[in-house]
Structures are given as C-alpha cells and as structure tokens.
file final_14.txt (compact mmCIF, C-alpha atoms)
# COMPACT_ATOMS: atom_id res chain seq x y z
CA MET I 1 -39.03 33.24 114.18
CA PRO I 2 -37.03 36.07 115.80
CA ASN I 3 -38.00 37.40 119.21
CA GLN I 4 -39.79 40.58 118.14
CA ASP I 5 -38.59 42.72 121.04
CA LEU I 6 -34.97 41.65 120.53
CA TRP I 7 -35.29 41.98 116.77
CA LYS I 8 -36.51 45.56 117.15
CA ILE I 9 -33.40 46.47 119.15
CA ILE I 10 -31.14 44.72 116.63
CA SER I 11 -32.74 46.63 113.76
CA GLN I 12 -32.27 49.92 115.59
CA GLU I 13 -28.62 49.30 116.48
CA ALA I 14 -27.56 47.86 113.12
CA PRO I 15 -25.67 50.28 110.82
CA PRO I 16 -27.62 51.79 107.89
CA GLU I 17 -26.15 49.38 105.31
CA LEU I 18 -27.63 46.43 107.23
CA GLN I 19 -31.06 47.90 107.95
CA GLU I 20 -32.76 46.33 104.92
CA HIS I 21 -30.22 43.56 104.33
CA ASN I 22 -31.16 39.90 104.72
CA ALA I 23 -27.74 39.36 106.33
CA LEU I 24 -29.26 40.40 109.67
CA GLU I 25 -31.84 37.62 109.52
CA GLN I 26 -29.18 35.08 108.53
CA ALA I 27 -26.92 36.24 111.36
CA TYR I 28 -29.80 35.98 113.85
CA ALA I 29 -30.56 32.41 112.74
CA ILE I 30 -26.88 31.46 113.02
CA ALA I 31 -26.58 32.98 116.49
CA ALA I 32 -29.71 31.11 117.62
CA VAL I 33 -28.06 27.80 116.68
CA ILE I 34 -24.69 28.66 118.24
CA ASN I 35 -25.87 30.38 121.42
CA GLY I 36 -29.35 28.97 121.94
CA SER I 37 -31.77 31.43 123.52
CA LEU I 38 -30.68 34.90 122.50
CA THR I 39 -30.50 37.96 124.75
CA LYS I 40 -29.39 41.57 124.40
CA GLU I 41 -25.83 40.44 125.08
CA ASP I 42 -25.85 38.60 121.75
CA ILE I 43 -26.66 41.72 119.72
CA PRO I 44 -23.02 42.78 119.04
CA TYR I 45 -22.22 39.26 117.82
CA ILE I 46 -25.28 39.21 115.55
CA ILE I 47 -24.45 42.59 114.02
CA ARG I 48 -20.80 41.66 113.51
CA THR I 49 -21.78 38.35 111.88
CA ALA I 50 -24.21 40.22 109.65
CA LYS I 51 -21.39 42.53 108.55
CA ARG I 52 -19.29 39.50 107.65
CA ILE I 53 -22.15 37.97 105.67
CA ALA I 54 -22.93 41.21 103.83
CA ILE I 55 -19.27 41.73 102.86
CA ASN I 56 -18.71 38.17 101.68
CA THR I 57 -21.91 37.91 99.62
CA LEU I 58 -21.35 41.08 97.59
CA ILE I 59 -21.87 41.03 93.83
CA ASP I 60 -18.68 41.26 91.78
CA GLU I 61 -17.93 41.94 88.13
CA ASP I 62 -18.40 38.24 87.29
CA ASP I 63 -21.90 38.30 88.74
CA LEU I 64 -23.54 41.00 86.65
CA HIS I 65 -26.98 39.52 87.14
CA GLY I 66 -26.68 39.23 90.92
CA LEU I 67 -27.28 35.48 90.93
CA ASN I 68 -25.19 35.04 94.09
CA LYS I 69 -27.06 37.59 96.19
CA ASN I 70 -29.92 35.24 97.12
CA ILE I 71 -27.74 32.36 98.31
CA ALA I 72 -28.08 32.33 102.09
CA ILE I 73 -25.22 31.75 104.53
CA GLY I 74 -25.92 29.23 107.30
CA TYR I 75 -24.27 28.13 110.52
CA ARG I 76 -22.40 25.30 108.78
CA ASP I 77 -20.80 27.82 106.43
CA LEU I 78 -19.76 29.92 109.42
CA VAL I 79 -18.21 27.04 111.35
CA ASN I 80 -16.33 25.83 108.26
CA SER I 81 -15.00 29.34 107.73
CA ASP I 82 -14.02 29.95 111.34
CA PHE I 83 -12.24 26.60 111.53
CA VAL I 84 -10.04 27.50 108.53
CA ILE I 85 -9.51 31.02 109.90
CA SER I 86 -8.24 29.53 113.19
CA LYS I 87 -5.53 27.76 111.17
CA ILE I 88 -4.39 30.82 109.19
CA VAL I 89 -4.66 33.52 111.87
CA HIS I 90 -0.90 33.42 112.45
CA TRP I 91 -0.29 33.80 108.70
CA ILE I 92 -2.58 36.86 108.66
CA GLY I 93 -0.70 38.30 111.64
CA GLN I 94 2.62 37.88 109.84
CA ILE I 95 1.29 39.74 106.80
CA ARG I 96 0.06 42.62 108.97
CA GLU I 97 3.41 42.83 110.75
CA GLU I 98 5.23 42.84 107.43
CA LEU I 99 3.06 45.52 105.86
CA PHE I 100 1.83 47.54 108.86
CA ASP I 101 4.34 46.77 111.63
CA SER I 102 1.67 45.21 113.85
CA ALA I 103 -0.17 41.89 113.99
CA GLU I 104 -3.37 43.76 114.82
CA PRO I 105 -5.68 44.98 112.03
CA PRO I 106 -4.81 48.60 111.15
CA PHE I 107 -8.50 49.54 110.88
CA ASP I 108 -10.12 47.39 113.56
CA ASN I 109 -13.76 46.74 112.61
CA ASP I 110 -13.79 49.97 110.56
CA LEU I 111 -14.42 49.11 106.93
CA GLU I 112 -15.20 52.67 105.87
CA SER I 113 -11.81 53.97 107.05
CA ALA I 114 -10.03 51.00 105.44
CA ILE I 115 -11.63 51.68 102.05
CA LYS I 116 -10.81 55.39 102.30
CA TRP I 117 -7.18 54.57 103.13
CA VAL I 118 -6.86 52.21 100.15
CA GLU I 119 -8.29 54.80 97.75
CA GLU I 120 -5.94 57.50 99.05
CA THR I 121 -2.96 55.13 98.96
CA VAL I 122 -3.69 54.12 95.35
CA LYS I 123 -3.49 57.78 94.33
CA ALA I 124 -0.33 58.37 96.35
CA GLU I 125 1.45 55.27 95.01
CA THR I 126 0.55 55.58 91.36
CA VAL I 127 2.99 57.57 89.25
CA ASP I 128 2.39 58.17 85.56
CA GLN I 129 5.48 57.78 83.34
CA LYS I 130 4.62 61.00 81.53
CA GLY I 131 5.05 62.98 84.74
CA SER I 132 1.44 63.75 85.61
CA THR I 133 0.46 63.97 89.26
CA ALA I 134 -0.31 60.85 91.24
CA ALA I 135 -3.93 61.89 91.62
CA ASP I 136 -4.32 62.35 87.85
CA SER I 137 -2.80 58.97 87.05
CA ALA I 138 -4.47 56.84 89.74
CA GLY I 139 -5.36 53.45 88.38
CA LYS I 140 -3.29 53.84 85.16
CA MET I 141 -0.36 51.56 84.36
CA PRO I 142 2.52 52.06 81.89
CA ASP I 143 2.13 49.67 78.96
CA ASN I 144 5.70 48.37 79.15
CA ILE I 145 5.16 46.85 82.61
CA SER I 146 1.67 45.48 82.01
CA PHE I 147 2.85 41.97 82.93
CA LEU I 148 3.41 43.27 86.49
CA LYS I 149 -0.12 44.57 86.83
CA SER I 150 -2.01 43.48 89.89
CA GLU I 151 -5.25 44.50 91.46
CA ILE I 152 -6.81 44.86 94.85
CA TYR I 153 -10.45 43.99 95.50
CA LEU I 154 -12.66 46.06 97.78
CA PRO I 155 -16.32 46.32 98.77
CA TYR I 156 -17.74 49.35 97.03
CA LYS I 157 -21.39 50.23 97.73
CA ASN I 158 -23.27 47.02 96.84
CA SER I 159 -20.58 45.31 94.80
CA VAL I 160 -16.88 44.43 94.64
CA LYS I 161 -14.53 46.84 92.92
CA ALA I 162 -11.20 45.85 91.37
CA ILE I 163 -8.53 48.60 91.49
CA TRP I 164 -5.23 48.46 89.60
CA VAL I 165 -2.28 49.12 91.87
CA GLN I 166 1.35 50.16 91.37
CA PRO I 167 3.80 47.22 91.05
CA GLY I 168 6.13 46.92 94.02
CA ALA I 169 4.19 49.33 96.24
CA LEU I 170 2.44 48.54 99.52
CA LEU I 171 -0.98 47.83 98.01
CA TYR I 172 0.62 45.62 95.37
CA HIS I 173 2.08 43.38 98.08
CA LEU I 174 -1.18 43.46 100.04
CA GLY I 175 -3.11 42.37 96.95
CA LYS I 176 -0.64 39.60 96.10
CA ARG I 177 -0.80 38.14 99.60
CA ALA I 178 -4.58 38.30 99.59
CA ILE I 179 -4.67 36.39 96.30
CA ASN I 180 -2.34 33.74 97.75
CA ILE I 181 -4.61 33.26 100.76
CA SER I 182 -7.71 33.22 98.56
CA GLN I 183 -6.23 30.53 96.32
CA ALA I 184 -5.10 28.47 99.31
CA THR I 185 -8.36 28.65 101.26
CA GLY I 186 -11.21 29.36 98.86
CA PHE I 187 -12.17 32.63 100.55
CA ARG I 188 -13.06 35.42 98.13
CA LYS I 189 -10.24 37.89 97.48
CA HIS I 190 -12.04 41.00 98.71
CA GLY I 191 -13.03 39.14 101.88
CA VAL I 192 -9.36 38.40 102.60
CA ILE I 193 -8.42 42.06 102.02
CA VAL I 194 -11.11 43.17 104.45
CA TYR I 195 -9.92 40.60 107.01
CA ILE I 196 -6.32 41.80 106.86
CA LEU I 197 -7.31 45.45 107.17
CA THR I 198 -10.25 45.31 109.62
CA GLY I 199 -10.26 41.93 111.33
CA LEU I 200 -13.73 41.11 109.95
CA GLU I 201 -13.25 37.47 109.01
CA PRO I 202 -14.29 36.10 105.59
CA ILE I 203 -16.99 33.49 105.18
CA PHE I 204 -17.06 30.74 102.59
CA SER I 205 -19.71 31.13 99.93
CA ARG I 206 -21.95 28.09 99.70
CA VAL I 207 -21.75 28.32 95.97
CA THR I 208 -20.53 30.93 93.50
CA LEU I 209 -22.09 31.43 90.09
CA GLN I 210 -20.53 33.04 87.06
CA ILE I 211 -22.18 33.73 83.73
CA ASN I 212 -19.71 33.37 80.87
CA TYR I 213 -20.23 35.29 77.64
CA GLY I 214 -18.72 34.78 74.23
CA ARG I 215 -19.19 37.43 71.54
CA ALA I 216 -17.91 37.77 67.99
CA GLN I 217 -19.11 39.98 65.15
CA LEU I 218 -19.52 38.26 61.81
CA PRO I 219 -18.95 40.69 58.90
CA PHE I 220 -21.26 38.74 56.57
CA THR I 221 -23.37 35.59 56.51
CA GLY I 222 -21.21 33.92 53.86
CA HIS I 223 -24.09 33.43 51.43
CA LYS I 224 -23.31 34.03 47.73
CA ASN I 225 -26.41 36.21 47.43
CA ASP I 226 -25.41 38.58 50.22
CA MET I 227 -26.03 42.19 49.30
CA PRO I 228 -23.27 44.78 49.85
CA ASP I 229 -25.31 46.42 52.60
CA THR I 230 -25.87 43.18 54.53
CA LYS I 231 -25.74 44.03 58.22
CA PRO I 232 -23.12 42.18 60.28
CA LEU I 233 -24.33 39.69 62.86
CA THR I 234 -23.09 39.27 66.39
CA ILE I 235 -23.01 35.72 67.68
CA ALA I 236 -23.33 35.52 71.45
CA SER I 237 -23.01 32.44 73.64
CA ARG I 238 -23.89 32.15 77.32
CA SER I 239 -23.02 29.54 79.89
CA LEU I 240 -23.13 29.20 83.66
CA SER I 241 -20.21 28.10 85.83
CA VAL I 242 -21.26 26.71 89.22
CA ASN I 243 -18.55 26.37 91.87
CA ILE I 244 -19.81 24.46 94.89
CA HIS I 245 -18.02 25.15 98.18
CA ALA I 246 -20.55 23.75 100.66
CA PRO I 247 -20.33 19.99 101.28
CA ASP I 248 -24.01 19.95 102.27
CA LEU I 249 -25.48 21.82 99.27
CA SER I 250 -28.96 20.37 98.82
CA PRO I 251 -30.84 19.40 95.64
CA ALA I 252 -33.37 22.13 96.49
CA GLU I 253 -30.61 24.75 96.50
CA LEU I 254 -29.34 23.53 93.13
CA LYS I 255 -32.87 23.76 91.77
CA ASN I 256 -33.13 27.35 93.01
CA ILE I 257 -29.82 28.17 91.33
CA TYR I 258 -31.08 26.72 88.05
CA GLU I 259 -34.35 28.64 88.25
CA SER I 260 -32.55 31.90 89.13
CA TYR I 261 -30.22 31.51 86.16
CA ARG I 262 -33.10 30.98 83.74
CA ARG I 263 -35.15 33.78 85.27
CA GLU I 264 -32.36 36.39 85.31
CA LEU I 265 -31.37 35.65 81.70
CA LYS I 266 -35.01 35.54 80.64
CA LEU I 267 -34.73 31.91 79.60
CA ASN I 268 -37.61 30.65 81.73
CA LYS I 269 -40.09 31.02 78.86
CA MET I 270 -37.76 29.59 76.22
CA LYS I 271 -38.43 25.97 75.31
CA SER I 272 -36.13 23.55 73.55
CA LEU I 273 -36.88 22.43 70.01
CA SER I 274 -39.25 19.49 69.72
CA GLU I 275 -38.27 16.33 67.84
CA GLU I 276 -40.53 17.41 64.99
CA GLN I 277 -38.80 20.80 64.77
CA VAL I 278 -35.37 19.16 64.80
CA ARG I 279 -36.39 16.89 61.89
CA LEU I 280 -37.63 19.85 59.86
CA PHE I 281 -34.49 21.88 60.56
CA TYR I 282 -32.22 19.12 59.26
CA LEU I 283 -34.47 18.36 56.30
CA VAL I 284 -34.13 21.99 55.19
CA LEU I 285 -30.40 22.09 55.94
CA ASN I 286 -29.62 18.82 54.14
CA THR I 287 -31.64 19.90 51.10
CA GLY I 288 -29.37 22.93 50.67
CA GLY I 289 -31.57 25.57 52.22
CA PRO I 290 -33.06 27.69 53.25
CA PRO I 291 -32.94 29.77 50.05
CA LYS I 292 -32.20 33.46 50.56
CA ASN I 293 -35.62 34.70 49.54
CA GLY I 294 -37.85 31.70 50.28
CA ALA I 295 -38.25 30.29 46.75
CA LYS I 296 -41.59 28.56 46.22
CA SER I 297 -40.10 25.56 44.36
CA PHE I 298 -37.72 24.82 47.24
CA TRP I 299 -40.49 24.81 49.86
CA LEU I 300 -42.72 22.68 47.65
CA LYS I 301 -39.89 20.12 47.57
CA ILE I 302 -39.55 20.32 51.37
CA ARG I 303 -43.30 19.86 51.79
CA ASP I 304 -43.30 16.77 49.61
CA LYS I 305 -40.29 15.21 51.35
CA TRP I 306 -41.81 15.99 54.76
CA ASN I 307 -45.17 14.50 53.85
CA SER I 308 -43.48 11.34 52.55
CA MET I 309 -42.30 10.47 56.07
CA PRO I 310 -45.08 8.55 57.84
CA GLU I 311 -44.09 9.82 61.32
CA ASN I 312 -44.70 13.44 60.27
CA LYS I 313 -47.94 15.39 60.34
CA PRO I 314 -48.48 16.38 56.68
CA TYR I 315 -48.70 19.96 55.39
CA LYS I 316 -51.25 20.94 52.76
CA SER I 317 -49.36 23.93 51.42
CA TRP I 318 -45.74 24.97 50.97
CA GLU I 319 -46.53 28.13 52.96
CA GLY I 320 -47.36 26.03 56.02
CA VAL I 321 -44.03 24.23 56.11
CA TYR I 322 -42.19 27.48 55.31
CA GLN I 323 -43.81 29.33 58.22
CA ARG I 324 -43.07 26.42 60.53
CA TYR I 325 -39.40 26.55 59.58
CA LYS I 326 -39.29 30.33 60.12
CA ILE I 327 -40.48 29.80 63.70
CA ILE I 328 -37.60 27.37 64.28
CA GLU I 329 -35.09 29.73 62.71
CA GLN I 330 -36.29 32.68 64.78
CA LYS I 331 -36.07 30.68 68.01
CA MET I 332 -32.49 29.68 67.23
CA HIS I 333 -31.61 33.19 66.14
CA ASN I 334 -32.90 34.65 69.42
CA MET I 335 -30.65 32.28 71.35
CA TYR I 336 -27.39 33.07 69.63
CA PHE I 337 -27.57 36.19 67.48
CA LYS I 338 -28.17 39.89 67.85
CA LYS I 339 -28.34 42.33 65.01
call {"tool": "encode", "arguments": {"input": "final_14.txt", "output": "structure tokens"}}
result
Amino acid sequence: MPNQDLWKIISQEAPPELQEHNALEQAYAIAAVINGSLTKEDIPYIIRTAKRIAINTLIDEDDLHGLNKNIAIGYRDLVNSDFVISKIVHWIGQIREELFDSAEPPFDNDLESAIKWVEETVKAETVDQKGSTAADSAGKMPDNISFLKSEIYLPYKNSVKAIWVQPGALLYHLGKRAINISQATGFRKHGVIVYILTGLEPIFSRVTLQINYGRAQLPFTGHKNDMPDTKPLTIASRSLSVNIHAPDLSPAELKNIYESYRRELKLNKMKSLSEEQVRLFYLVLNTGGPPKNGAKSFWLKIRDKWNSMPENKPYKSWEGVYQRYKIIEQKMHNMYFKK
C-alpha cells in the first residue's frame, strides 16, 4: 500500500498522461522493491519508470481489443530489461553517433519533441514521384519501389502508430536499426525507437497477445437450390497468439489472459457443442441434409434414426428434432459466419 503522503506528491508531479495511468502504481511497487523505504528523493525515479512502463505497454495495431493493456509490469521484468540494455548500450550509442553525430539521445527524456521531429522529418523526406510537395505526399510510396518500403513505429496518444518512411533517408535507417535491435532482444520496435531518440529505456513485455483474423467472402453456398439473389456469406476465423517473454509467468496470469480473450471477443457466454449435439449434427450431415427448406419427410427420417439409438433421448415429433438441429446450426453460424 503506497504511503499516502508520498503518493499525493507523486500524483501531483506526474505529467498529465500518467495521472490516471496504472503505470504509476506499478512503478511505485517496483521502486519499493528496489529501493526499500521510499522518500521524496525516489519520486523522479518512480515517474521515469512509469513513463517507461506506459510507453512499452501501449496498444498497437495487432492489439485492437487492448488485451495487452492489463498485463502488469513487475520488478523482475525491469531487471531483465535493464540487464539486456546494459549489454547493448554501446550499440545504441553507435547508432546515435551514426545518425545524429552524438552518442547522447537527441531528445533527452523529451518524447513529445521526438515525436514532433519524426513527423516533420517524414514530411520533409518524402517526395512524390509525380512532383507534389513533400507535405502533400507524406507517407506515400511509389509503387515501383514498394519492396523497399519500411516503417517507423511511434507512440501516438494511447496506441502505437506505424508510419511509412522514404527508402534511404534518415528515418528509414533509424527504423531499420530499431527493427534489428527489436529482433535481437525482444524489445518492442516502438520502444527501441523511443530509446534511441530520448534515452527512455524499453521494458520487456511479460506476454504479448495478438488476435488473428481470417476473412473470405463466399459468393454462394454451393447448394443446387440456391436462388439467384442468394446473399454472399463471409466466413471469419479468429485465433489468439500468445508470446510469453517472462520466465516466471504464473498459471494465474495465463488464466487471466484466457478470460480476457473470451471476454473481449464476447466468447465468455458461448459454450461448446455437447456430445448429443455433435451426434445430431453428423446424423443430419451424413443423411444428406439439411434440406434447403426443411422438408418434413427428411426430418421424419432423422427423428426415426435418432430414436433408434438407445443412448439418445427420443423425440416425439419431427419438429422437435428439426428445432434442435436449428439451434446447433445457429450456434455454429454465429462462430464463423456473418451475413
């Protein structure tokens, strides 16, 4: 529990973007482990650590549902990060000297100025082949050099923004070197960019989550009785990629990740098919159905076959088994198709 008097001062001195951010609480807890009893002298360290946490836990375009935002950073994540940083600090210095003629960060602890500089430099470096002004063509790339495209990643409000940059220009080389460091270390790309420009070191994510989508529009269902005005269907698949970076990730954390995924995608109320429902689905499928318009003779046959199996609860009418199948079909349809 934070010291209330000290916490009040921290809250007052923290920049606006951290005022309501849980990064402050995480940074306080980390500082309490590292430094023991905290005093006013620890406030700059706490605020700086909170900035690092806030930057390196931002939502990016692969995290549309914000699943990563509730994964807390702890002192073990910080020490792992700072250990790796101590090994690459000379590499970072070389990159700064190469690009900015100094081993020191060009925008020391000033993220706002760094972002503004990148945005202005993108406009200045980008030249449209048709002769438009750099400002008009910022972010556009000629089609015939698309294989040279690269991007630079930056914090932008509450997320990470990817900006296309001009091949061969300063930002292009900055982005390429950041990607190399990210691939070598596991730090997120925008965190490396911020580190090079401001000196605010990246922090390993405990775990990163990515929801993968697959979508394809089907022009018709393929049934011989399809009407000319049959509406096309869109099949949509969803999966979750979990990349674990923390060696001490606990079963409780994995459970929270699972629950967050189901909650955010509104799957928490969706139940799997029962064994009985699976049997009915395959009975209908293997009998050649379902018929397009729910023919009575077909469902009478299904009822009789179903009732002939001793493990099944019998149906009195064909309507009962038909309605039961429609429930199964609707559940499956909701999982994979949208009109």
call {"tool": "residues_around", "arguments": {"input": "final_14.txt", "residues": "range 243-258 of chain I", "least_positions_apart": "3", "cutoff": "7 Å", "atoms": "only C-alpha atoms", "output": "list in words"}}
result
Ser205, Arg206, Val207, Thr208, Leu209, Tyr261 and Arg262 of chain I
call {"tool": "residues_around", "arguments": {"input": "final_14.txt", "residues": "Pro105 in chain I", "least_positions_apart": "3", "cutoff": "8 Å", "atoms": "all atoms listed in the file", "output": "mmCIF file with C-alpha atoms, keeping the file's coordinate frame"}}
result
data_model
loop_
_atom_site.group_PDB
_atom_site.id
_atom_site.type_symbol
_atom_site.label_atom_id
_atom_site.label_comp_id
_atom_site.auth_asym_id
_atom_site.auth_seq_id
_atom_site.Cartn_x
_atom_site.Cartn_y
_atom_site.Cartn_z
ATOM 1 C CA ARG I 96 0.060 42.620 108.970
ATOM 2 C CA SER I 102 1.670 45.210 113.850
ATOM 3 C CA ASP I 108 -10.120 47.390 113.560
ATOM 4 C CA TYR I 195 -9.920 40.600 107.010
ATOM 5 C CA ILE I 196 -6.320 41.800 106.860
ATOM 6 C CA LEU I 197 -7.310 45.450 107.170
ATOM 7 C CA THR I 198 -10.250 45.310 109.620
ATOM 8 C CA GLY I 199 -10.260 41.930 111.330
#
call {"tool": "atom_distance", "arguments": {"input": "final_14.txt", "atom1": "CA of Ile235 in chain I", "atom2": "CA of Gln217 in chain I"}}
result
6.3 Å
call {"tool": "atom_distance", "arguments": {"input": "final_14.txt", "atom1": "CA of Lys87 in chain I", "atom2": "CA of Leu24 in chain I"}}
result
26.9 Å
call {"tool": "atom_distance", "arguments": {"input": "final_14.txt", "atom1": "CA of Leu171 in chain I", "atom2": "CA of Phe187 in chain I"}}
result
19.0 Å
call {"tool": "closest_residue", "arguments": {"input": "final_14.txt", "among": "I:Arg177, I:Arg188, I:Lys51, I:Lys123", "to": "Leu111 in chain I", "atoms": "all atoms listed in the file"}}
result
I:Lys51
call {"tool": "closest_residue", "arguments": {"input": "final_14.txt", "among": "I:Gln277, I:Asn158, I:Gln210, I:Gln323", "to": "Thr57 in chain I", "atoms": "all atoms listed in the file"}}
result
I:Asn158
call {"tool": "residues_around", "arguments": {"input": "final_14.txt", "residues": "Leu58 in chain I", "least_positions_apart": "4", "cutoff": "7 Å", "atoms": "all atoms listed in the file", "output": "mmCIF file with C-alpha atoms, in the coordinates of the input"}}
result
data_model
loop_
_atom_site.group_PDB
_atom_site.id
_atom_site.type_symbol
_atom_site.label_atom_id
_atom_site.label_comp_id
_atom_site.auth_asym_id
_atom_site.auth_seq_id
_atom_site.Cartn_x
_atom_site.Cartn_y
_atom_site.Cartn_z
ATOM 1 C CA ALA I 54 -22.930 41.210 103.830
ATOM 2 C CA LYS I 69 -27.060 37.590 96.190
ATOM 3 C CA ASN I 158 -23.270 47.020 96.840
ATOM 4 C CA SER I 159 -20.580 45.310 94.800
ATOM 5 C CA VAL I 160 -16.880 44.430 94.640
#
call {"tool": "closest_residue", "arguments": {"input": "final_14.txt", "among": "I:Ala31, I:Ile95, I:Ala114, I:Leu240", "to": "His173 in chain I", "atoms": "all atoms listed in the file"}}
result
I:Ile95
call {"tool": "closest_residue", "arguments": {"input": "final_14.txt", "among": "I:Ile302, I:Glu120, I:Asn56, I:Asn109", "to": "Val192 in chain I", "atoms": "all atoms listed in the file"}}
result
I:Asn56
call {"tool": "residues_near_point", "arguments": {"input": "final_14.txt", "point": "(-43.7, 32.4, 55.7)", "cutoff": "12 Å", "atoms": "only C-alpha atoms", "output": "ChimeraX atom specification"}}
result
/I:290,293-296,299,317-330
call {"tool": "write_last_selection", "arguments": {"input": "final_14.txt", "atoms": "C-alpha atoms", "output": "JSON list (two decimals), keeping the file's coordinate frame"}}
result
[["chain", "number", "residue", "atom", "x", "y", "z"],
["I", 290, "PRO", "CA", -33.06, 27.69, 53.25],
["I", 293, "ASN", "CA", -35.62, 34.70, 49.54],
["I", 294, "GLY", "CA", -37.85, 31.70, 50.28],
["I", 295, "ALA", "CA", -38.25, 30.29, 46.75],
["I", 296, "LYS", "CA", -41.59, 28.56, 46.22],
["I", 299, "TRP", "CA", -40.49, 24.81, 49.86],
["I", 317, "SER", "CA", -49.36, 23.93, 51.42],
["I", 318, "TRP", "CA", -45.74, 24.97, 50.97],
["I", 319, "GLU", "CA", -46.53, 28.13, 52.96],
["I", 320, "GLY", "CA", -47.36, 26.03, 56.02],
["I", 321, "VAL", "CA", -44.03, 24.23, 56.11],
["I", 322, "TYR", "CA", -42.19, 27.48, 55.31],
["I", 323, "GLN", "CA", -43.81, 29.33, 58.22],
["I", 324, "ARG", "CA", -43.07, 26.42, 60.53],
["I", 325, "TYR", "CA", -39.40, 26.55, 59.58],
["I", 326, "LYS", "CA", -39.29, 30.33, 60.12],
["I", 327, "ILE", "CA", -40.48, 29.80, 63.70],
["I", 328, "ILE", "CA", -37.60, 27.37, 64.28],
["I", 329, "GLU", "CA", -35.09, 29.73, 62.71],
["I", 330, "GLN", "CA", -36.29, 32.68, 64.78]]
call {"tool": "residues_around", "arguments": {"input": "final_14.txt", "residues": "Pro314 in chain I", "least_positions_apart": "3", "cutoff": "8 Å", "atoms": "all atoms listed in the file", "output": "list in words"}}
result
Arg303, Trp306 and Asn307 of chain I
call {"tool": "write_last_selection", "arguments": {"input": "final_14.txt", "atoms": "C-alpha atoms", "output": "compact mmCIF listing (two decimals), in the frame of the given file"}}
result
# COMPACT_ATOMS: atom_id res chain seq x y z
CA ARG I 303 -43.30 19.86 51.79
CA TRP I 306 -41.81 15.99 54.76
CA ASN I 307 -45.17 14.50 53.85
call {"tool": "axis_aligned_box", "arguments": {"input": "final_14.txt", "around": "range 203-208 of chain I", "padding_each_side": "8 Å", "output": "lines of an AutoDock Vina configuration file"}}
result
center_x = -19.5
center_y = 30.8
center_z = 99.3
size_x = 21.0
size_y = 21.4
size_z = 27.7
call {"tool": "closest_residue", "arguments": {"input": "final_14.txt", "among": "I:Gln183, I:Thr126, I:Ser241, I:Ser272", "to": "Val165 in chain I", "atoms": "all atoms listed in the file"}}
result
I:Thr126
call {"tool": "residues_near_point", "arguments": {"input": "final_14.txt", "point": "(-35.4, 46.7, 111.7)", "cutoff": "12 Å", "atoms": "all atoms listed in the file", "output": "list in words"}}
result
Pro2, Gln4, Asp5, Leu6, Trp7, Lys8, Ile9, Ile10, Ser11, Gln12, Glu13, Ala14, Pro15, Pro16, Glu17, Leu18, Gln19, Glu20, His21, Asn22, Ala23, Leu24, Glu25 and Ile47 of chain I
call {"tool": "closest_residue", "arguments": {"input": "final_14.txt", "among": "I:Glu41, I:Glu119, I:Glu275, I:Glu311", "to": "Ile152 in chain I", "atoms": "all atoms listed in the file"}}
result
I:Glu119
call {"tool": "decode", "arguments": {"input": "final_14.txt", "residues": "range 267-298 of chain I", "atoms": "C-alpha atoms", "output": "PDB file, in the first residue's frame"}}
result
ATOM      1  CA  LEU I 267     -16.995 -15.579 -26.160  1.00  0.00           C
ATOM      2  CA  ASN I 268     -17.482 -15.922 -22.413  1.00  0.00           C
ATOM      3  CA  LYS I 269     -21.149 -16.883 -22.832  1.00  0.00           C
ATOM      4  CA  MET I 270     -20.556 -19.205 -25.781  1.00  0.00           C
ATOM      5  CA  LYS I 271     -20.493 -22.898 -24.891  1.00  0.00           C
ATOM      6  CA  SER I 272     -19.097 -25.746 -26.936  1.00  0.00           C
ATOM      7  CA  LEU I 273     -21.421 -28.281 -28.526  1.00  0.00           C
ATOM      8  CA  SER I 274     -22.456 -31.146 -26.288  1.00  0.00           C
ATOM      9  CA  GLU I 275     -21.891 -34.775 -27.310  1.00  0.00           C
ATOM     10  CA  GLU I 276     -25.595 -35.067 -28.071  1.00  0.00           C
ATOM     11  CA  GLN I 277     -25.475 -32.017 -30.354  1.00  0.00           C
ATOM     12  CA  VAL I 278     -22.407 -33.374 -32.152  1.00  0.00           C
ATOM     13  CA  ARG I 279     -24.210 -36.693 -32.804  1.00  0.00           C
ATOM     14  CA  LEU I 280     -27.242 -34.901 -34.223  1.00  0.00           C
ATOM     15  CA  PHE I 281     -25.106 -32.656 -36.433  1.00  0.00           C
ATOM     16  CA  TYR I 282     -23.357 -35.637 -38.038  1.00  0.00           C
ATOM     17  CA  LEU I 283     -26.557 -37.639 -38.338  1.00  0.00           C
ATOM     18  CA  VAL I 284     -28.076 -34.802 -40.388  1.00  0.00           C
ATOM     19  CA  LEU I 285     -24.882 -34.268 -42.391  1.00  0.00           C
ATOM     20  CA  ASN I 286     -24.378 -37.969 -43.197  1.00  0.00           C
ATOM     21  CA  THR I 287     -28.019 -38.324 -44.239  1.00  0.00           C
ATOM     22  CA  GLY I 288     -27.513 -35.686 -46.932  1.00  0.00           C
ATOM     23  CA  GLY I 289     -29.024 -32.711 -45.174  1.00  0.00           C
ATOM     24  CA  PRO I 290     -30.164 -30.408 -44.093  1.00  0.00           C
ATOM     25  CA  PRO I 291     -32.612 -29.862 -46.966  1.00  0.00           C
ATOM     26  CA  LYS I 292     -32.884 -26.281 -48.190  1.00  0.00           C
ATOM     27  CA  ASN I 293     -36.413 -25.696 -46.960  1.00  0.00           C
ATOM     28  CA  GLY I 294     -36.712 -28.191 -44.089  1.00  0.00           C
ATOM     29  CA  ALA I 295     -38.686 -30.960 -45.828  1.00  0.00           C
ATOM     30  CA  LYS I 296     -40.958 -32.877 -43.460  1.00  0.00           C
ATOM     31  CA  SER I 297     -40.044 -36.319 -44.855  1.00  0.00           C
ATOM     32  CA  PHE I 298     -36.340 -35.698 -44.252  1.00  0.00           C
TER      33      PHE I 298
END
